[in-house]
Amino acid sequence: MWRDLQPLGRDQRSGGYRRYAWTSADADCRAWFRAQAESRGLHCELDRNGNQWAWLGDPSAGRAVVTGSHLDSVPDGGAFDGPLGVVSAFAALDELRSRGAELTRPLGIVNFGDEEGARFGLACVGSRLTAGALTREQAFALRDGDGLTLPAAMEAAGHDPEAIGPAPERLARIDAFVELHVEQGRALDLSGDPVGLASAIWPHGRWRYDFHGEANHAGTTRLVDRRDPMLGYAETVLAARREAELAGAVATFGKIAVEPNGVNAIPSLVRGWLDSRAPDQDTLDTVVGAVQAAAREHADRHGLRLDVVRESFTPVVDFADSLRDELGRLLAPDGAPPVPVLGTGAGHDAGILSGRIPTAMLFVRNPTGVSHSPAEHAGEDDCLAGVRALADVLEGLACT
């Protein structure tokens, strides 16, 4: 499976992946998913929001157990973030069949669409629409960097955008969703454990900062006569790092757009996107508020106009204790050492769905902690341990 999936959407220069929603690379990944499902005799369907489902058994019977993740990527992302969960889901089904396990509930494998939000700026679009956490109007307003709307992109890819919307009847048939994911950090590497369980996802959001100045000549305009938005932006980046460090949170300006973007021109506009996350809501509010206050102070000092827009937000997600505890028992039977439980600052489809159905997450060790990068990695032994752990969990949930 890895060999077949590896070249899809990979950039030869960076070695990273550019599997953006509703592009040809996305279509290739969807075709790979469908082929894997059909080769195992599963019924494959595409739902109204562009998510792919592969079923063993009849999902209309209810009480289904579902696993999976996503196949899209961030710009120049790694091979494991998302795909590891999908590949492991198919491999876990193979493992269950090799054990002769007799499932008493429908088992589903899902590939959620546009989890990373790399193209339209909002993460987890497929699961948000399904859970009713993103309205039709909000979805139709999303645009990519070229100004193309989400509905136009979906239609160009052969999907009917008029059909998108909440799917409560689908979620009502699911008793549990378990997402396996490569750890995006080094907690398991430091503890020496190949697999862990998620306790919670930190609250997090994205804010767009627009610093409006005045375009002018870089060689003839005196420094005292400039209204340079790059200065306000740069000072805000430093403020974000300072405030996050003080609060024990994280804050990152990782994307920037400049107009007119000329080497010999003072910008008229600098637009930067802040991603901030924290262990709790109060801490996040403190950091975000302090960064905005600093940005306004710097904008005023340089004669700039500042607009701040919150583009997305996800509150803290505490995964259901009962399901997590059940997974813990399944993975550490008969007095075996308990599986470590850890929190994460990364968002996931499981977090979006947690408000509608019981969800849980398994993490597979990442020896470097690097993620959203071509250097992202998980060892083969750890990946196989993850498959066995997922198979144990699915057997315990779907065979009773």
# chains A, B, ... in the order shown; residues from 1 in each chain; ligands from 1

$ residues_around --residues "segment 368-375 of chain A" --least-positions-apart "4" --cutoff "9 Å" --atoms "only C-alpha atoms" --output "ChimeraX atom specification"
/A:14-17,73-81,182-187,189

$ closest_residue --among "A:Gly126, A:Gly57, A:Pro194, A:Pro166" --to "Ala378 of chain A" --atoms "only C-alpha atoms"
A:Pro194

$ residues_around --residues "segment 133-137 of chain A" --least-positions-apart "2" --cutoff "9 Å" --atoms "only C-alpha atoms" --output "PyMOL selection string"
chain A and resi 125+127-131+139-141+162+164-166+352

$ write_last_selection --atoms "N, CA, C and O atoms" --output "mmCIF file, in the first residue's frame"
data_model
loop_
_atom_site.group_PDB
_atom_site.id
_atom_site.type_symbol
_atom_site.label_atom_id
_atom_site.label_comp_id
_atom_site.auth_asym_id
_atom_site.auth_seq_id
_atom_site.Cartn_x
_atom_site.Cartn_y
_atom_site.Cartn_z
ATOM 1 N N VAL A 125 -12.718 20.321 6.643
ATOM 2 C CA VAL A 125 -13.953 20.728 5.966
ATOM 3 C C VAL A 125 -14.918 19.555 5.835
ATOM 4 O O VAL A 125 -16.118 19.684 6.109
ATOM 5 N N SER A 127 -15.268 16.708 7.594
ATOM 6 C CA SER A 127 -15.885 16.291 8.856
ATOM 7 C C SER A 127 -16.713 17.411 9.470
ATOM 8 O O SER A 127 -17.740 17.153 10.110
ATOM 9 N N ARG A 128 -16.309 18.660 9.287
ATOM 10 C CA ARG A 128 -17.109 19.786 9.800
ATOM 11 C C ARG A 128 -18.480 19.833 9.131
ATOM 12 O O ARG A 128 -19.504 20.026 9.789
ATOM 13 N N LEU A 129 -18.505 19.665 7.812
ATOM 14 C CA LEU A 129 -19.784 19.665 7.118
ATOM 15 C C LEU A 129 -20.657 18.505 7.590
ATOM 16 O O LEU A 129 -21.857 18.677 7.854
ATOM 17 N N THR A 130 -20.071 17.334 7.724
ATOM 18 C CA THR A 130 -20.826 16.161 8.151
ATOM 19 C C THR A 130 -21.407 16.341 9.550
ATOM 20 O O THR A 130 -22.551 15.966 9.815
ATOM 21 N N ALA A 131 -20.631 16.940 10.440
ATOM 22 C CA ALA A 131 -21.063 17.129 11.823
ATOM 23 C C ALA A 131 -21.936 18.359 12.022
ATOM 24 O O ALA A 131 -22.426 18.597 13.131
ATOM 25 N N ALA A 139 -19.319 27.375 3.917
ATOM 26 C CA ALA A 139 -18.560 26.557 2.973
ATOM 27 C C ALA A 139 -18.531 27.193 1.589
ATOM 28 O O ALA A 139 -17.493 27.217 0.923
ATOM 29 N N PHE A 140 -19.655 27.731 1.153
ATOM 30 C CA PHE A 140 -19.718 28.335 -0.171
ATOM 31 C C PHE A 140 -18.885 29.612 -0.260
ATOM 32 O O PHE A 140 -18.506 30.032 -1.355
ATOM 33 N N ALA A 141 -18.573 30.215 0.875
ATOM 34 C CA ALA A 141 -17.775 31.443 0.875
ATOM 35 C C ALA A 141 -16.277 31.176 0.853
ATOM 36 O O ALA A 141 -15.484 32.107 0.655
ATOM 37 N N GLU A 162 -24.068 21.313 -4.518
ATOM 38 C CA GLU A 162 -25.400 21.613 -3.990
ATOM 39 C C GLU A 162 -25.841 20.598 -2.936
ATOM 40 O O GLU A 162 -26.776 20.857 -2.181
ATOM 41 N N ILE A 164 -23.973 19.394 -0.398
ATOM 42 C CA ILE A 164 -23.242 19.403 0.877
ATOM 43 C C ILE A 164 -24.144 19.827 2.028
ATOM 44 O O ILE A 164 -25.110 20.564 1.844
ATOM 45 N N GLY A 165 -23.807 19.349 3.213
ATOM 46 C CA GLY A 165 -24.569 19.710 4.402
ATOM 47 C C GLY A 165 -24.445 18.657 5.483
ATOM 48 O O GLY A 165 -23.797 17.616 5.302
ATOM 49 N N PRO A 166 -25.056 18.905 6.642
ATOM 50 C CA PRO A 166 -24.969 17.969 7.766
ATOM 51 C C PRO A 166 -25.505 16.594 7.394
ATOM 52 O O PRO A 166 -26.395 16.464 6.550
ATOM 53 N N ILE A 352 -13.349 16.916 15.624
ATOM 54 C CA ILE A 352 -14.562 17.535 15.103
ATOM 55 C C ILE A 352 -15.777 16.653 15.378
ATOM 56 O O ILE A 352 -16.841 17.133 15.789
#

$ closest_atom_pairs --of "segment 229-259 of chain A" --to "segment 339-345 of chain A" --cutoff "12 Å" --atoms "only C-alpha atoms" --output "tab-separated table"
residue	atom	partner	partner_atom	distance
A:Ala249	CA	A:Gly345	CA	9.3
A:Val250	CA	A:Gly345	CA	8.7
A:Ala251	CA	A:Gly345	CA	11.1

$ write_last_selection --atoms "C-alpha atoms" --output "PDB file, in the first residue's frame"
ATOM      1  CA  ALA A 249       1.378  27.960  24.533  1.00  0.00           C
ATOM      2  CA  VAL A 250       2.340  28.053  20.852  1.00  0.00           C
ATOM      3  CA  ALA A 251       1.798  30.797  18.281  1.00  0.00           C
TER       4      ALA A 251
END

$ residues_around --residues "Leu107 of chain A" --least-positions-apart "4" --cutoff "10 Å" --atoms "only C-alpha atoms" --output "list in words"
Leu42, Ala54, Trp55, Leu56, Gly57, Asp58, Pro59, Arg63, Ala64, Val65, Val66, Thr67, Leu93, Leu103, Ile174, Leu394, Leu397, Ala398 and Cys399 of chain A

$ closest_residue --among "A:Gly108, A:Pro338, A:Gly386, A:Gly82" --to "Phe177 of chain A" --atoms "only C-alpha atoms"
A:Gly108

$ select_by_dssp --residues "segment 203-267 of chain A" --states "helix (DSSP H, G or I)" --output "list in words"
Leu223, Val224, Asp225, Pro229, Met230, Leu231, Gly232, Tyr233, Ala234, Glu235, Thr236, Val237, Leu238, Ala239, Ala240, Arg241, Arg242, Glu243, Ala244, Glu245, Leu246 and Ala247 of chain A

$ closest_residue --among "A:Pro106, A:Phe363, A:Gly213, A:Gly248" --to "Val387 of chain A" --atoms "only C-alpha atoms"
A:Phe363

$ residues_around --residues "Trp53 of chain A" --least-positions-apart "3" --cutoff "7 Å" --atoms "only C-alpha atoms" --output "list in words"
Cys44, Glu45, Leu46, Gly108, Ile109, Val110 and Asn111 of chain A

$ residues_around --residues "Ala200 of chain A" --least-positions-apart "4" --cutoff "12 Å" --atoms "only C-alpha atoms" --output "mmCIF file with C-alpha atoms, in the first residue's frame"
data_model
loop_
_atom_site.group_PDB
_atom_site.id
_atom_site.type_symbol
_atom_site.label_atom_id
_atom_site.label_comp_id
_atom_site.auth_asym_id
_atom_site.auth_seq_id
_atom_site.Cartn_x
_atom_site.Cartn_y
_atom_site.Cartn_z
ATOM 1 C CA ALA A 278 -2.845 26.292 24.129
ATOM 2 C CA PRO A 279 -3.593 23.675 26.808
ATOM 3 C CA ASP A 280 -6.813 25.473 27.815
ATOM 4 C CA PRO A 315 -12.533 24.556 21.237
ATOM 5 C CA VAL A 316 -10.808 22.061 23.503
ATOM 6 C CA VAL A 317 -11.733 18.436 22.785
ATOM 7 C CA ASP A 318 -11.748 15.991 25.676
ATOM 8 C CA PHE A 319 -12.147 12.529 24.212
ATOM 9 C CA ALA A 320 -14.859 10.399 25.822
ATOM 10 C CA ASP A 321 -13.452 8.812 28.975
ATOM 11 C CA ARG A 324 -10.699 5.827 25.847
ATOM 12 C CA VAL A 341 -2.263 8.741 27.473
ATOM 13 C CA LEU A 342 -1.193 12.096 26.054
ATOM 14 C CA GLY A 343 -2.660 15.360 24.853
ATOM 15 C CA THR A 344 -1.958 16.994 21.512
ATOM 16 C CA GLY A 345 -1.894 20.460 20.023
ATOM 17 C CA ALA A 346 -2.869 19.198 16.558
ATOM 18 C CA GLY A 347 -6.430 19.199 15.265
ATOM 19 C CA HIS A 348 -8.038 16.067 13.776
ATOM 20 C CA ALA A 350 -11.827 12.801 15.420
ATOM 21 C CA GLY A 351 -11.914 16.043 17.385
ATOM 22 C CA ILE A 352 -14.562 17.535 15.103
ATOM 23 C CA SER A 354 -16.379 14.116 19.112
ATOM 24 C CA THR A 359 -14.357 9.167 19.281
ATOM 25 C CA ALA A 360 -10.858 8.134 20.303
ATOM 26 C CA MET A 361 -7.355 8.365 18.882
ATOM 27 C CA LEU A 362 -4.316 6.121 18.746
#

$ closest_residue --among "A:Gly335, A:Gly328, A:Gly100, A:Pro229" --to "Ala299 of chain A" --atoms "only C-alpha atoms"
A:Pro229

$ atom_distance --atom1 "atom CA of Ala167 of chain A" --atom2 "atom CA of Asp114 of chain A"
16.8 Å

$ closest_residue --among "A:Glu235, A:Asp94, A:Glu326, A:Asp175" --to "Glu297 of chain A" --atoms "only C-alpha atoms"
A:Glu235

$ select_by_dssp --residues "segment 92-205 of chain A" --states "strand (DSSP E or B)" --output "mmCIF file with N, CA and C atoms, in the first residue's frame"
data_model
loop_
_atom_site.group_PDB
_atom_site.id
_atom_site.type_symbol
_atom_site.label_atom_id
_atom_site.label_comp_id
_atom_site.auth_asym_id
_atom_site.auth_seq_id
_atom_site.Cartn_x
_atom_site.Cartn_y
_atom_site.Cartn_z
ATOM 1 N N LEU A 107 -18.318 -2.544 9.934
ATOM 2 C CA LEU A 107 -17.019 -1.901 10.090
ATOM 3 C C LEU A 107 -16.791 -0.976 8.896
ATOM 4 N N GLY A 108 -16.459 0.281 9.184
ATOM 5 C CA GLY A 108 -16.227 1.248 8.133
ATOM 6 C C GLY A 108 -14.813 1.796 8.169
ATOM 7 N N ILE A 109 -14.294 2.125 6.987
ATOM 8 C CA ILE A 109 -13.012 2.815 6.842
ATOM 9 C C ILE A 109 -13.294 4.099 6.072
ATOM 10 N N VAL A 110 -12.809 5.226 6.577
ATOM 11 C CA VAL A 110 -13.168 6.516 5.994
ATOM 12 C C VAL A 110 -11.921 7.316 5.616
ATOM 13 N N ASN A 111 -12.045 8.028 4.518
ATOM 14 C CA ASN A 111 -11.064 9.028 4.111
ATOM 15 C C ASN A 111 -11.786 10.372 4.107
ATOM 16 N N PHE A 112 -11.541 11.192 5.135
ATOM 17 C CA PHE A 112 -12.197 12.489 5.215
ATOM 18 C C PHE A 112 -11.538 13.482 4.262
ATOM 19 N N ARG A 143 -12.634 30.366 -0.380
ATOM 20 C CA ARG A 143 -11.916 30.553 -1.641
ATOM 21 C C ARG A 143 -10.458 30.141 -1.480
ATOM 22 N N THR A 149 -13.803 29.407 -5.693
ATOM 23 C CA THR A 149 -14.602 29.017 -4.546
ATOM 24 C C THR A 149 -14.579 27.505 -4.349
ATOM 25 N N ILE A 174 -23.264 5.309 13.708
ATOM 26 C CA ILE A 174 -21.900 5.010 14.151
ATOM 27 C C ILE A 174 -21.828 5.030 15.669
ATOM 28 N N ASP A 175 -21.358 3.947 16.262
ATOM 29 C CA ASP A 175 -21.202 3.862 17.719
ATOM 30 C C ASP A 175 -19.836 4.353 18.182
ATOM 31 N N ALA A 176 -18.822 4.241 17.317
ATOM 32 C CA ALA A 176 -17.471 4.641 17.722
ATOM 33 C C ALA A 176 -16.636 4.932 16.486
ATOM 34 N N PHE A 177 -15.826 5.982 16.580
ATOM 35 C CA PHE A 177 -14.838 6.286 15.542
ATOM 36 C C PHE A 177 -13.471 6.343 16.200
ATOM 37 N N VAL A 178 -12.538 5.540 15.688
ATOM 38 C CA VAL A 178 -11.173 5.483 16.217
ATOM 39 C C VAL A 178 -10.220 5.892 15.105
ATOM 40 N N GLU A 179 -9.481 6.971 15.322
ATOM 41 C CA GLU A 179 -8.531 7.458 14.327
ATOM 42 C C GLU A 179 -7.107 7.183 14.786
ATOM 43 N N LEU A 180 -6.353 6.476 13.952
ATOM 44 C CA LEU A 180 -4.928 6.265 14.212
ATOM 45 C C LEU A 180 -4.144 7.348 13.486
ATOM 46 N N HIS A 181 -3.129 7.892 14.158
ATOM 47 C CA HIS A 181 -2.369 9.007 13.578
ATOM 48 C C HIS A 181 -0.930 8.945 14.069
ATOM 49 N N VAL A 182 -0.007 9.345 13.208
ATOM 50 C CA VAL A 182 1.370 9.480 13.661
ATOM 51 C C VAL A 182 1.414 10.587 14.702
ATOM 52 N N VAL A 195 3.079 3.021 20.911
ATOM 53 C CA VAL A 195 1.695 3.443 20.681
ATOM 54 C C VAL A 195 1.162 4.139 21.921
ATOM 55 N N GLY A 196 0.322 5.143 21.720
ATOM 56 C CA GLY A 196 -0.306 5.846 22.830
ATOM 57 C C GLY A 196 -1.757 6.160 22.524
ATOM 58 N N LEU A 197 -2.472 6.649 23.542
ATOM 59 C CA LEU A 197 -3.867 7.062 23.423
ATOM 60 C C LEU A 197 -3.971 8.567 23.630
ATOM 61 N N ALA A 198 -4.940 9.176 22.973
ATOM 62 C CA ALA A 198 -5.132 10.624 23.115
ATOM 63 C C ALA A 198 -6.055 10.921 24.287
ATOM 64 N N SER A 199 -5.704 11.958 25.044
ATOM 65 C CA SER A 199 -6.572 12.417 26.119
ATOM 66 C C SER A 199 -7.427 13.596 25.665
ATOM 67 N N ALA A 200 -6.801 14.544 24.953
ATOM 68 C CA ALA A 200 -7.517 15.757 24.556
ATOM 69 C C ALA A 200 -6.758 16.446 23.432
ATOM 70 N N ILE A 201 -7.476 17.307 22.711
ATOM 71 C CA ILE A 201 -6.885 18.183 21.706
ATOM 72 C C ILE A 201 -6.981 19.614 22.224
ATOM 73 N N HIS A 204 -7.668 25.611 19.533
ATOM 74 C CA HIS A 204 -6.783 26.245 18.569
ATOM 75 C C HIS A 204 -7.597 27.004 17.521
ATOM 76 N N GLY A 205 -6.928 27.921 16.850
ATOM 77 C CA GLY A 205 -7.603 28.693 15.814
ATOM 78 C C GLY A 205 -6.614 29.359 14.889
#

$ residues_around --residues "Leu142 of chain A" --least-positions-apart "2" --cutoff "12 Å" --atoms "only C-alpha atoms" --output "MDAnalysis selection string"
chainID A and resid 117:123 125 134:140 144:154 311:312

$ atom_distance --atom1 "atom CA of Gly396 of chain A" --atom2 "atom CA of Cys383 of chain A"
19.9 Å
